[in-house]
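*Asks:* This is the structure, below, for whatever I ask next.
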Amino acid sequence: MTGLEPLDPGDDASAEAVARLLERAQELGLDELALDLLVYDATNEVAADRVNGGDWDDPTWDDAYERLHNEADKEASGINNNGLAAQLAYLLDGYGETELAAILGRTAAVADEHA
């Protein structure tokens with residue numbers, strides 16, 4: 001998964017997929033807190049790909065790593081602060097609807113085990 005970007009809200013197919021995933025997440029009892037770490041993981045995976053791919057002009061690899069991962073954390077925080085639909089829209093772009101639906105199921109199962 002690379003290059004995750006929030007989906008264009010004008011994309012009808014994406015909006016419909018987010019609506020289906022939102023309904024599924026709610027059926028599973030998932031809220032935005034349940035997806036916080038998934039979003040952080042996704043944004044930081046993109047940052048890691050950029051660092052490891054040399055997509056930076058910082059003085060050192062360590063500087064690039066720190067900067068890009070700090071930016072990823074800020075991006076994830078912004079996405080997470082916009083709620084469940086924003087989280088799903090972001091994750092949908094990286095995973096696709098089928099895989100994200102499966103991830104939601106696994107996330108709910110883990111949450112149930114720890115409840």
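So you can find residues: chains in the structure tokens are A, B, ... in the order shown, residues in each start at 1, and ligands are numbered from 1 in order.
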Env of A:Ala19: 12 Å cut, atoms = only C-alpha atoms, seq-sep filter 2 positions within chain, self excluded. Answer as number ranges by chain.
*Replies:* A: 9, 12-17, 21-26, 84-89, 92, 97, 101
*Asks:* Given only C-alpha atoms, how would the per-residue table for stretch 72-91 of chain A near stretch 40-47 of chain A read, listing every residue at most 8 Å away with its closest atom pair and distance in Å to one decimal, sorted by chain and number, as JSON lines?
*Replies:*
{"residue": "A:Ala72", "atom": "CA", "partner": "A:Thr43", "partner_atom": "CA", "distance": 5.1}
{"residue": "A:Asp73", "atom": "CA", "partner": "A:Tyr40", "partner_atom": "CA", "distance": 6.3}
{"residue": "A:Glu75", "atom": "CA", "partner": "A:Thr43", "partner_atom": "CA", "distance": 7.2}
{"residue": "A:Ala76", "atom": "CA", "partner": "A:Tyr40", "partner_atom": "CA", "distance": 5.2}
{"residue": "A:Ser77", "atom": "CA", "partner": "A:Tyr40", "partner_atom": "CA", "distance": 7.7}
{"residue": "A:Leu91", "atom": "CA", "partner": "A:Ala42", "partner_atom": "CA", "distance": 7.4}
*Asks:* How far is it from atom CA of A:Thr98 to atom CA of A:Gly29, in Å with one decimal?
*Replies:*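 Between atom CA of A:Thr98 and atom CA of A:Gly29 the gap works out to 18.5 Å.
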*Asks:* Report the distance between atom CA of A:Gly96 and atom CA of A:Gly78 in Å, rounded to one decimal place.
*Replies:* 21.1 Å
*Asks:* Name all residues at most 10 Å from A:Ala34 (count only C-alpha atoms; drop same-chain ones fewer than 2 positions away) and give them as a compact mmCIF listing (two decimals) with N, CA and C atoms, in the first residue's frame.
*Replies:*
# COMPACT_ATOMS: atom_id res chain seq x y z
N ALA A 25 -19.25 -0.84 9.35
CA ALA A 25 -18.53 -0.53 10.60
C ALA A 25 -19.52 -0.33 11.75
N GLY A 29 -20.22 -2.43 15.32
CA GLY A 29 -20.00 -1.71 16.56
C GLY A 29 -18.69 -0.95 16.62
N LEU A 30 -18.13 -0.66 15.45
CA LEU A 30 -16.86 0.07 15.40
C LEU A 30 -17.12 1.57 15.34
N ASP A 31 -16.29 2.31 16.04
CA ASP A 31 -16.35 3.76 15.95
C ASP A 31 -14.98 4.28 15.53
N GLU A 32 -14.85 5.61 15.50
CA GLU A 32 -13.58 6.17 15.02
C GLU A 32 -12.39 5.77 15.87
N ASP A 36 -8.43 4.42 14.67
CA ASP A 36 -7.32 5.37 14.83
C ASP A 36 -5.97 4.76 14.46
N LEU A 37 -5.66 3.62 15.03
CA LEU A 37 -4.34 3.02 14.79
C LEU A 37 -4.17 2.56 13.35
N LEU A 38 -5.26 2.10 12.72
CA LEU A 38 -5.17 1.72 11.31
C LEU A 38 -4.75 2.90 10.45
N VAL A 39 -5.32 4.06 10.75
CA VAL A 39 -4.98 5.26 9.98
C VAL A 39 -3.53 5.67 10.25
N LEU A 84 -15.29 8.84 11.49
CA LEU A 84 -15.27 7.50 10.90
C LEU A 84 -15.33 7.53 9.37
N LEU A 104 -12.20 -4.49 8.69
CA LEU A 104 -13.20 -4.08 9.68
C LEU A 104 -13.70 -5.28 10.48
N THR A 107 -10.98 -6.31 12.87
CA THR A 107 -10.87 -5.32 13.94
C THR A 107 -11.98 -5.50 14.97
N ALA A 108 -13.18 -5.76 14.49
CA ALA A 108 -14.30 -5.98 15.41
C ALA A 108 -14.10 -7.25 16.21
N ALA A 111 -11.61 -6.56 18.91
CA ALA A 111 -12.24 -5.72 19.94
C ALA A 111 -13.15 -6.56 20.83
*Asks:* In terms of the shortest atom-to-atom distance over only C-alpha atoms, which of A:Gly83, A:Arg67, A:Asp112, A:Gly105 is closest to A:Glu27?
*Replies:*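 Comparing A:Gly83, A:Arg67, A:Asp112, A:Gly105 against A:Glu27, the winner is A:Gly105.
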*Asks:* Nearest to A:Ile79 among A:Leu28, A:Leu35, A:Ala48, A:Trp61, with distances taken over only C-alpha atoms: which residue is it?
*Replies:*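 Selected residue with least distance to A:Ile79: A:Leu35.
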*Asks:* In Å, with one decimal, what is the gap from atom CA of A:Leu68 to atom CA of A:Trp56?
*Replies:* 8.6 Å
